[in-house]
Amino acid sequence: GLFVWHLKNTGIRQVPCQFVHLCRVANGRLVTFQYFNFLKRMYVTQYNKDLSQRAKPKSDSVASPFRELQQLDQEKKVIHNIRPISPVHQPLSETSSRNELREVKSAAETEGSVAPVRAEPKEDRQWKEMKLRLDDLPGILARLSKIKLTALVVSTASAGFAMAPVPFDLTCFLLASLGTGLASCAANSINQFFEVPFDSNMNRTKNRPLVRGQISPLLAVCFAASCGVPGIALLTLGVNPLTGGLGAFNIFLYTCCYTPMKRMSIANTWVGAVVGAIPPVMGWTAATGTLDAGALLLGGILYSWQFPHFNALSWGLREDYSRGGYCMMSVTHPGLCRRVALRHCLALIGLSTLAPVLDMTTWTFPVVSLPINLYISYLAFRFYRDADRSSSRKLFFCSLWHLPMLLLVMFTCKKSLLDKEDKGDLLGGDHGRAVEIRLP
């Protein structure tokens with residue numbers, strides 16, 4: 001009795017210690033990994049350096065196992081049951097013999113087709129080696145750098161360079177465009193490197209090169225470095241240090257701020273809008289070497305344009321974003337998503353009116369750009385009112401042609417340098433006359 005009493009006391013005392021020890025062991029040794037087998041995600045748990053797949057337990061059947069076996073035997077009998085051919089001595093018509101031959105052929109084809117179907121899952125479960133060919137490398141690197149998005153960034157930077165109130169310098173323009181494109185390729189590659197586990201859960205991004213394993217992460221990082229370092233050096237040494245600093249700051253903002261914030265807060269949309277607003281400012285500073293009100297106006301136009309563009313795009317991808325774990329306005333705050341899109345569409349009208357006030361364009365620009373700004377505002381209002389996929393899709397496709405059209409109209413209505421010089425001469429002549437009148 002004393003021995004049993006001693007065991008009970010020691011067991012009760014050791015229960016809290018054992019519980020804490022088990023929690024520490026579980027936190028230290030249970031690590032969930034995610035690897036990919038041709039877009040088929042499998043979750044694996046590591047315990048004591050051994051990998052084991054976590055499978056869902058099979059539910060218990062209601063019927064007895066004997067009835068299941070009887071049903072399986074009946075199904076097998078039905079599947080393999082082939083109607084025998086009639087004897088030779090019985091008279092058969094040509095149509096009946098043809099039908100029987102067709103049934104025999106179809107049964108043989110079904111039996112032959114069952115084998116490869118059953119063999120396919122076994123092949124899919126095995127690891128398959130991805131061989132990288134040099135012919136496919138340019139296309140893979142183009143998808144890694146998001147070549148379409150890079151082209152949009154370079155075009156907006158070119159628009160900022162063209163709107164600058166200075167004579168056009170072709171060499172500086174080419175250097176600025178090349179450096180901006182290389183910086184954009186580096187930022188997009190680093191972004192995909194960080195988001196591989198999350199991109200695999202989204203239908204829109206599951207075919208990216210790093211997710212599919214077409215290239216190694218080391219190759220992606222080396223490609224990003226080979227684009228980012230020469231791009232920033234080209235902008236700093238070939239153009240001016242201000243443009244190079246803006247390019248480096250934009251890479252840092254996109255990779256180190258915007259990318260992790262996508263899983264933390266809806267403020268990532270505003271940070272991403274700042275990232276998209278910097279390229280036209282870089283084009284302006286590349287041409288003028290200064291950061292003035294005209295550069296800020298171009299950045300403001302790009303900043304406001306991105307909200308209807310991205311909010312309409314994310315509205316149709318809410319399932320993907322929620323599956324990937326991204327914190328987007330369309331998922332967590334759908335009402336705010338629609339309000340912000342409408343708000344910034346109306347802001348584009350006010351920003352277009354500021355262009356002639358800042359002496360960038362003539363007064364024809366607000367008038368000519370008013371119809372397209374009103375049209376995108378109308379589509380944003382319908383998106384705000386209806387809140388469906390149809391209205392969001394129309395707003396998104398409108399934003400694709402709205403931005404190049406707006407920048408083209410702005411460039412067409414740009415004030416020429418001769419008008420500004422004449423205006424400056426007139427102001428200088430009037431000032432000289434006033435001085436001459438005052439002297440006597």
# chains A, B, ... in the order shown; residues from 1 in each chain; ligands from 1

call {"tool": "residues_around", "arguments": {"residues": "Phe307 of chain A", "least_positions_apart": "5", "cutoff": "8 Å", "atoms": "only C-alpha atoms", "output": "VMD selection string"}}
result
chain A and resid 269 273 340 to 341 344

call {"tool": "write_last_selection", "arguments": {"atoms": "N, CA, C and O atoms", "output": "mmCIF file, in the first residue's frame"}}
result
data_model
loop_
_atom_site.group_PDB
_atom_site.id
_atom_site.type_symbol
_atom_site.label_atom_id
_atom_site.label_comp_id
_atom_site.auth_asym_id
_atom_site.auth_seq_id
_atom_site.Cartn_x
_atom_site.Cartn_y
_atom_site.Cartn_z
ATOM 1 N N THR A 269 -1.659 48.003 -50.314
ATOM 2 C CA THR A 269 -2.125 48.584 -51.579
ATOM 3 C C THR A 269 -1.625 50.020 -51.742
ATOM 4 O O THR A 269 -1.222 50.429 -52.834
ATOM 5 N N ALA A 273 1.017 51.379 -54.506
ATOM 6 C CA ALA A 273 0.715 52.517 -55.372
ATOM 7 C C ALA A 273 1.880 53.505 -55.401
ATOM 8 O O ALA A 273 2.170 54.119 -56.446
ATOM 9 N N VAL A 340 -12.652 53.264 -52.465
ATOM 10 C CA VAL A 340 -11.336 53.799 -52.818
ATOM 11 C C VAL A 340 -11.168 53.866 -54.327
ATOM 12 O O VAL A 340 -10.601 54.828 -54.865
ATOM 13 N N ALA A 341 -11.659 52.861 -55.048
ATOM 14 C CA ALA A 341 -11.572 52.886 -56.507
ATOM 15 C C ALA A 341 -12.329 54.073 -57.090
ATOM 16 O O ALA A 341 -11.826 54.794 -57.971
ATOM 17 N N HIS A 344 -10.530 57.575 -56.231
ATOM 18 C CA HIS A 344 -9.334 57.928 -57.007
ATOM 19 C C HIS A 344 -9.640 58.128 -58.482
ATOM 20 O O HIS A 344 -8.879 58.820 -59.170
#

call {"tool": "residues_around", "arguments": {"residues": "Val221 of chain A", "least_positions_apart": "4", "cutoff": "12 Å", "atoms": "only C-alpha atoms", "output": "PDB file with all heavy atoms, in the first residue's frame"}}
result
ATOM      1  N   LEU A 141      13.076  33.387 -67.864  1.00  0.00           N
ATOM      2  CA  LEU A 141      13.540  34.619 -67.227  1.00  0.00           C
ATOM      3  C   LEU A 141      12.592  35.779 -67.506  1.00  0.00           C
ATOM      4  O   LEU A 141      12.441  36.677 -66.671  1.00  0.00           O
ATOM      5  CB  LEU A 141      14.949  34.955 -67.708  1.00  0.00           C
ATOM      6  CG  LEU A 141      16.046  33.961 -67.301  1.00  0.00           C
ATOM      7  CD1 LEU A 141      17.392  34.399 -67.849  1.00  0.00           C
ATOM      8  CD2 LEU A 141      16.113  33.801 -65.788  1.00  0.00           C
ATOM      9  N   LEU A 144       9.901  35.293 -65.081  1.00  0.00           N
ATOM     10  CA  LEU A 144      10.404  35.586 -63.738  1.00  0.00           C
ATOM     11  C   LEU A 144      10.443  37.088 -63.480  1.00  0.00           C
ATOM     12  O   LEU A 144      10.152  37.555 -62.371  1.00  0.00           O
ATOM     13  CB  LEU A 144      11.794  34.981 -63.563  1.00  0.00           C
ATOM     14  CG  LEU A 144      12.484  35.187 -62.219  1.00  0.00           C
ATOM     15  CD1 LEU A 144      11.746  34.438 -61.112  1.00  0.00           C
ATOM     16  CD2 LEU A 144      13.938  34.739 -62.276  1.00  0.00           C
ATOM     17  N   SER A 145      10.801  37.859 -64.482  1.00  0.00           N
ATOM     18  CA  SER A 145      10.892  39.311 -64.332  1.00  0.00           C
ATOM     19  C   SER A 145       9.579  40.031 -64.637  1.00  0.00           C
ATOM     20  O   SER A 145       9.557  41.272 -64.608  1.00  0.00           O
ATOM     21  CB  SER A 145      11.983  39.857 -65.257  1.00  0.00           C
ATOM     22  OG  SER A 145      11.689  39.545 -66.611  1.00  0.00           O
ATOM     23  N   CYS A 185      13.081  44.491 -63.396  1.00  0.00           N
ATOM     24  CA  CYS A 185      13.297  43.043 -63.488  1.00  0.00           C
ATOM     25  C   CYS A 185      13.845  42.482 -62.183  1.00  0.00           C
ATOM     26  O   CYS A 185      13.429  41.404 -61.727  1.00  0.00           O
ATOM     27  CB  CYS A 185      14.253  42.728 -64.636  1.00  0.00           C
ATOM     28  SG  CYS A 185      13.583  43.008 -66.281  1.00  0.00           S
ATOM     29  N   ALA A 186      14.770  43.201 -61.561  1.00  0.00           N
ATOM     30  CA  ALA A 186      15.341  42.744 -60.292  1.00  0.00           C
ATOM     31  C   ALA A 186      14.283  42.705 -59.190  1.00  0.00           C
ATOM     32  O   ALA A 186      14.191  41.733 -58.429  1.00  0.00           O
ATOM     33  CB  ALA A 186      16.496  43.652 -59.892  1.00  0.00           C
ATOM     34  N   ALA A 187      13.479  43.750 -59.101  1.00  0.00           N
ATOM     35  CA  ALA A 187      12.448  43.794 -58.056  1.00  0.00           C
ATOM     36  C   ALA A 187      11.420  42.689 -58.236  1.00  0.00           C
ATOM     37  O   ALA A 187      11.014  42.030 -57.261  1.00  0.00           O
ATOM     38  CB  ALA A 187      11.773  45.166 -58.065  1.00  0.00           C
ATOM     39  N   ASN A 188      10.983  42.438 -59.462  1.00  0.00           N
ATOM     40  CA  ASN A 188       9.987  41.394 -59.700  1.00  0.00           C
ATOM     41  C   ASN A 188      10.548  40.002 -59.424  1.00  0.00           C
ATOM     42  O   ASN A 188       9.832  39.121 -58.922  1.00  0.00           O
ATOM     43  CB  ASN A 188       9.484  41.474 -61.138  1.00  0.00           C
ATOM     44  CG  ASN A 188       8.682  42.724 -61.402  1.00  0.00           C
ATOM     45  OD1 ASN A 188       7.968  43.208 -60.534  1.00  0.00           O
ATOM     46  ND2 ASN A 188       8.799  43.275 -62.595  1.00  0.00           N
ATOM     47  N   SER A 189      11.814  39.779 -59.735  1.00  0.00           N
ATOM     48  CA  SER A 189      12.424  38.477 -59.480  1.00  0.00           C
ATOM     49  C   SER A 189      12.542  38.207 -57.984  1.00  0.00           C
ATOM     50  O   SER A 189      12.267  37.098 -57.509  1.00  0.00           O
ATOM     51  CB  SER A 189      13.797  38.404 -60.142  1.00  0.00           C
ATOM     52  OG  SER A 189      13.709  38.624 -61.531  1.00  0.00           O
ATOM     53  N   ILE A 190      12.956  39.207 -57.224  1.00  0.00           N
ATOM     54  CA  ILE A 190      13.048  39.032 -55.766  1.00  0.00           C
ATOM     55  C   ILE A 190      11.663  38.808 -55.164  1.00  0.00           C
ATOM     56  O   ILE A 190      11.488  38.021 -54.234  1.00  0.00           O
ATOM     57  CB  ILE A 190      13.750  40.247 -55.138  1.00  0.00           C
ATOM     58  CG1 ILE A 190      15.180  40.368 -55.670  1.00  0.00           C
ATOM     59  CG2 ILE A 190      13.772  40.142 -53.623  1.00  0.00           C
ATOM     60  CD1 ILE A 190      15.887  41.626 -55.253  1.00  0.00           C
ATOM     61  N   ASN A 191      10.667  39.493 -55.701  1.00  0.00           N
ATOM     62  CA  ASN A 191       9.294  39.314 -55.226  1.00  0.00           C
ATOM     63  C   ASN A 191       8.821  37.872 -55.425  1.00  0.00           C
ATOM     64  O   ASN A 191       8.229  37.276 -54.523  1.00  0.00           O
ATOM     65  CB  ASN A 191       8.382  40.292 -55.957  1.00  0.00           C
ATOM     66  CG  ASN A 191       6.911  40.049 -55.663  1.00  0.00           C
ATOM     67  OD1 ASN A 191       6.219  39.408 -56.450  1.00  0.00           O
ATOM     68  ND2 ASN A 191       6.442  40.551 -54.545  1.00  0.00           N
ATOM     69  N   GLN A 192       9.089  37.296 -56.581  1.00  0.00           N
ATOM     70  CA  GLN A 192       8.700  35.912 -56.822  1.00  0.00           C
ATOM     71  C   GLN A 192       9.511  34.942 -55.969  1.00  0.00           C
ATOM     72  O   GLN A 192       9.012  33.885 -55.574  1.00  0.00           O
ATOM     73  CB  GLN A 192       8.868  35.568 -58.297  1.00  0.00           C
ATOM     74  CG  GLN A 192       7.881  36.252 -59.200  1.00  0.00           C
ATOM     75  CD  GLN A 192       7.844  35.649 -60.578  1.00  0.00           C
ATOM     76  OE1 GLN A 192       8.026  34.453 -60.770  1.00  0.00           O
ATOM     77  NE2 GLN A 192       7.622  36.489 -61.583  1.00  0.00           N
ATOM     78  N   PHE A 193      10.756  35.276 -55.670  1.00  0.00           N
ATOM     79  CA  PHE A 193      11.579  34.420 -54.810  1.00  0.00           C
ATOM     80  C   PHE A 193      10.993  34.325 -53.407  1.00  0.00           C
ATOM     81  O   PHE A 193      10.980  33.253 -52.792  1.00  0.00           O
ATOM     82  CB  PHE A 193      13.005  34.966 -54.769  1.00  0.00           C
ATOM     83  CG  PHE A 193      13.883  34.298 -53.746  1.00  0.00           C
ATOM     84  CD1 PHE A 193      14.411  33.042 -53.977  1.00  0.00           C
ATOM     85  CD2 PHE A 193      14.175  34.929 -52.547  1.00  0.00           C
ATOM     86  CE1 PHE A 193      15.213  32.427 -53.036  1.00  0.00           C
ATOM     87  CE2 PHE A 193      14.972  34.324 -51.601  1.00  0.00           C
ATOM     88  CZ  PHE A 193      15.496  33.061 -51.842  1.00  0.00           C
ATOM     89  N   PHE A 194      10.488  35.429 -52.894  1.00  0.00           N
ATOM     90  CA  PHE A 194       9.932  35.438 -51.545  1.00  0.00           C
ATOM     91  C   PHE A 194       8.553  34.787 -51.466  1.00  0.00           C
ATOM     92  O   PHE A 194       8.160  34.292 -50.409  1.00  0.00           O
ATOM     93  CB  PHE A 194       9.828  36.873 -51.021  1.00  0.00           C
ATOM     94  CG  PHE A 194      11.142  37.453 -50.590  1.00  0.00           C
ATOM     95  CD1 PHE A 194      11.434  38.791 -50.820  1.00  0.00           C
ATOM     96  CD2 PHE A 194      12.090  36.669 -49.971  1.00  0.00           C
ATOM     97  CE1 PHE A 194      12.650  39.330 -50.426  1.00  0.00           C
ATOM     98  CE2 PHE A 194      13.308  37.192 -49.577  1.00  0.00           C
ATOM     99  CZ  PHE A 194      13.590  38.522 -49.809  1.00  0.00           C
ATOM    100  N   LEU A 210       9.489  29.562 -60.526  1.00  0.00           N
ATOM    101  CA  LEU A 210       9.995  29.050 -59.255  1.00  0.00           C
ATOM    102  C   LEU A 210       9.019  28.083 -58.608  1.00  0.00           C
ATOM    103  O   LEU A 210       9.424  27.149 -57.915  1.00  0.00           O
ATOM    104  CB  LEU A 210      10.294  30.211 -58.311  1.00  0.00           C
ATOM    105  CG  LEU A 210      11.572  30.993 -58.598  1.00  0.00           C
ATOM    106  CD1 LEU A 210      11.666  32.217 -57.705  1.00  0.00           C
ATOM    107  CD2 LEU A 210      12.789  30.118 -58.415  1.00  0.00           C
ATOM    108  N   ILE A 215      13.434  26.602 -62.600  1.00  0.00           N
ATOM    109  CA  ILE A 215      14.760  27.116 -62.280  1.00  0.00           C
ATOM    110  C   ILE A 215      14.954  27.034 -60.773  1.00  0.00           C
ATOM    111  O   ILE A 215      13.986  26.954 -60.017  1.00  0.00           O
ATOM    112  CB  ILE A 215      14.963  28.576 -62.772  1.00  0.00           C
ATOM    113  CG1 ILE A 215      13.911  29.490 -62.158  1.00  0.00           C
ATOM    114  CG2 ILE A 215      14.958  28.654 -64.280  1.00  0.00           C
ATOM    115  CD1 ILE A 215      14.134  30.943 -62.466  1.00  0.00           C
ATOM    116  N   SER A 216      16.185  27.065 -60.353  1.00  0.00           N
ATOM    117  CA  SER A 216      16.488  26.994 -58.933  1.00  0.00           C
ATOM    118  C   SER A 216      16.391  28.377 -58.297  1.00  0.00           C
ATOM    119  O   SER A 216      16.548  29.398 -58.980  1.00  0.00           O
ATOM    120  CB  SER A 216      17.890  26.422 -58.722  1.00  0.00           C
ATOM    121  OG  SER A 216      18.864  27.293 -59.280  1.00  0.00           O
ATOM    122  N   PRO A 217      16.157  28.447 -56.994  1.00  0.00           N
ATOM    123  CA  PRO A 217      16.152  29.751 -56.325  1.00  0.00           C
ATOM    124  C   PRO A 217      17.483  30.486 -56.435  1.00  0.00           C
ATOM    125  O   PRO A 217      17.501  31.714 -56.494  1.00  0.00           O
ATOM    126  CB  PRO A 217      15.817  29.398 -54.871  1.00  0.00           C
ATOM    127  CG  PRO A 217      15.095  28.103 -54.948  1.00  0.00           C
ATOM    128  CD  PRO A 217      15.713  27.366 -56.088  1.00  0.00           C
ATOM    129  N   ALA A 225      20.292  39.847 -59.019  1.00  0.00           N
ATOM    130  CA  ALA A 225      21.493  40.639 -58.738  1.00  0.00           C
ATOM    131  C   ALA A 225      22.146  41.143 -60.021  1.00  0.00           C
ATOM    132  O   ALA A 225      22.616  42.293 -60.082  1.00  0.00           O
ATOM    133  CB  ALA A 225      22.485  39.802 -57.934  1.00  0.00           C
ATOM    134  N   SER A 226      22.156  40.312 -61.059  1.00  0.00           N
ATOM    135  CA  SER A 226      22.763  40.728 -62.332  1.00  0.00           C
ATOM    136  C   SER A 226      21.942  41.789 -63.039  1.00  0.00           C
ATOM    137  O   SER A 226      22.452  42.458 -63.951  1.00  0.00           O
ATOM    138  CB  SER A 226      22.931  39.511 -63.245  1.00  0.00           C
ATOM    139  OG  SER A 226      21.670  38.942 -63.560  1.00  0.00           O
ATOM    140  N   CYS A 227      20.667  41.950 -62.665  1.00  0.00           N
ATOM    141  CA  CYS A 227      19.847  43.034 -63.223  1.00  0.00           C
ATOM    142  C   CYS A 227      19.863  44.270 -62.328  1.00  0.00           C
ATOM    143  O   CYS A 227      19.930  45.399 -62.824  1.00  0.00           O
ATOM    144  CB  CYS A 227      18.408  42.562 -63.415  1.00  0.00           C
ATOM    145  SG  CYS A 227      18.166  41.369 -64.727  1.00  0.00           S
ATOM    146  N   GLY A 228      19.796  44.070 -61.015  1.00  0.00           N
ATOM    147  CA  GLY A 228      19.677  45.206 -60.102  1.00  0.00           C
ATOM    148  C   GLY A 228      20.947  46.022 -59.984  1.00  0.00           C
ATOM    149  O   GLY A 228      20.902  47.267 -60.040  1.00  0.00           O
ATOM    150  N   VAL A 229      22.088  45.367 -59.844  1.00  0.00           N
ATOM    151  CA  VAL A 229      23.344  46.112 -59.653  1.00  0.00           C
ATOM    152  C   VAL A 229      23.703  46.924 -60.892  1.00  0.00           C
ATOM    153  O   VAL A 229      23.974  48.130 -60.793  1.00  0.00           O
ATOM    154  CB  VAL A 229      24.469  45.143 -59.256  1.00  0.00           C
ATOM    155  CG1 VAL A 229      25.795  45.870 -59.183  1.00  0.00           C
ATOM    156  CG2 VAL A 229      24.157  44.487 -57.914  1.00  0.00           C
TER     157      VAL A 229
END

call {"tool": "closest_residue", "arguments": {"among": "A:Leu134, A:Gly276, A:Phe397, A:Thr353", "to": "Val367 of chain A", "atoms": "only C-alpha atoms"}}
result
A:Thr353

call {"tool": "atom_distance", "arguments": {"atom1": "atom CA of Lys206 of chain A", "atom2": "atom CA of Ser399 of chain A"}}
result
25.2 Å

call {"tool": "closest_residue", "arguments": {"among": "A:Val368, A:Leu302, A:Cys413, A:Met202", "to": "Leu317 of chain A", "atoms": "only C-alpha atoms"}}
result
A:Met202

call {"tool": "select_by_dssp", "arguments": {"residues": "segment 204-324 of chain A", "states": "helix (DSSP H, G or I)", "output": "PyMOL selection string"}}
result
chain A and resi 209-212+217-239+241-261+268-288+293-315+318-324

call {"tool": "residues_around", "arguments": {"residues": "Leu152 of chain A", "least_positions_apart": "3", "cutoff": "12 Å", "atoms": "only C-alpha atoms", "output": "list in words"}}
result
Lys146, Ile147, Lys148, Leu149, Ser155, Thr156, Ala157, Ser158, Ala159, Ser177, Thr180, Gly181, Ser184, Cys185, Gly276, Ala277, Pro279, Pro280, Leu302, Leu400, Trp401, Leu403 and Pro404 of chain A

call {"tool": "write_last_selection", "arguments": {"atoms": "C-alpha atoms", "output": "PDB file, in the first residue's frame"}}
result
ATOM      1  CA  LYS A 146       7.185  39.874 -65.261  1.00  0.00           C
ATOM      2  CA  ILE A 147       8.093  41.298 -68.633  1.00  0.00           C
ATOM      3  CA  LYS A 148       4.648  42.863 -69.243  1.00  0.00           C
ATOM      4  CA  LEU A 149       4.730  44.734 -65.947  1.00  0.00           C
ATOM      5  CA  SER A 155       6.633  53.224 -70.616  1.00  0.00           C
ATOM      6  CA  THR A 156       5.557  55.356 -67.649  1.00  0.00           C
ATOM      7  CA  ALA A 157       9.180  56.369 -67.039  1.00  0.00           C
ATOM      8  CA  SER A 158       9.460  57.312 -70.714  1.00  0.00           C
ATOM      9  CA  ALA A 159       6.306  59.423 -70.375  1.00  0.00           C
ATOM     10  CA  SER A 177      14.892  53.438 -69.893  1.00  0.00           C
ATOM     11  CA  THR A 180      14.628  51.480 -65.106  1.00  0.00           C
ATOM     12  CA  GLY A 181      13.844  48.223 -66.905  1.00  0.00           C
ATOM     13  CA  SER A 184      12.098  46.508 -62.430  1.00  0.00           C
ATOM     14  CA  CYS A 185      13.297  43.043 -63.488  1.00  0.00           C
ATOM     15  CA  GLY A 276       4.085  52.371 -59.213  1.00  0.00           C
ATOM     16  CA  ALA A 277       4.144  56.176 -58.955  1.00  0.00           C
ATOM     17  CA  PRO A 279       8.899  55.444 -62.372  1.00  0.00           C
ATOM     18  CA  PRO A 280       7.436  58.587 -64.054  1.00  0.00           C
ATOM     19  CA  LEU A 302       0.024  57.156 -61.606  1.00  0.00           C
ATOM     20  CA  LEU A 400      -5.686  49.197 -69.364  1.00  0.00           C
ATOM     21  CA  TRP A 401      -6.356  51.663 -72.169  1.00  0.00           C
ATOM     22  CA  LEU A 403      -3.586  55.265 -68.778  1.00  0.00           C
ATOM     23  CA  PRO A 404      -1.822  55.232 -72.188  1.00  0.00           C
TER      24      PRO A 404
END

call {"tool": "closest_residue", "arguments": {"among": "A:Phe173, A:Ile372, A:Tyr326, A:Arg389", "to": "Phe161 of chain A", "atoms": "only C-alpha atoms"}}
result
A:Phe173

call {"tool": "closest_residue", "arguments": {"among": "A:Ala355, A:Ala286, A:Ala295, A:Leu406", "to": "Pro371 of chain A", "atoms": "only C-alpha atoms"}}
result
A:Leu406

call {"tool": "closest_residue", "arguments": {"among": "A:Val153, A:Met261, A:Ala164, A:Met282", "to": "Glu195 of chain A", "atoms": "only C-alpha atoms"}}
result
A:Met261
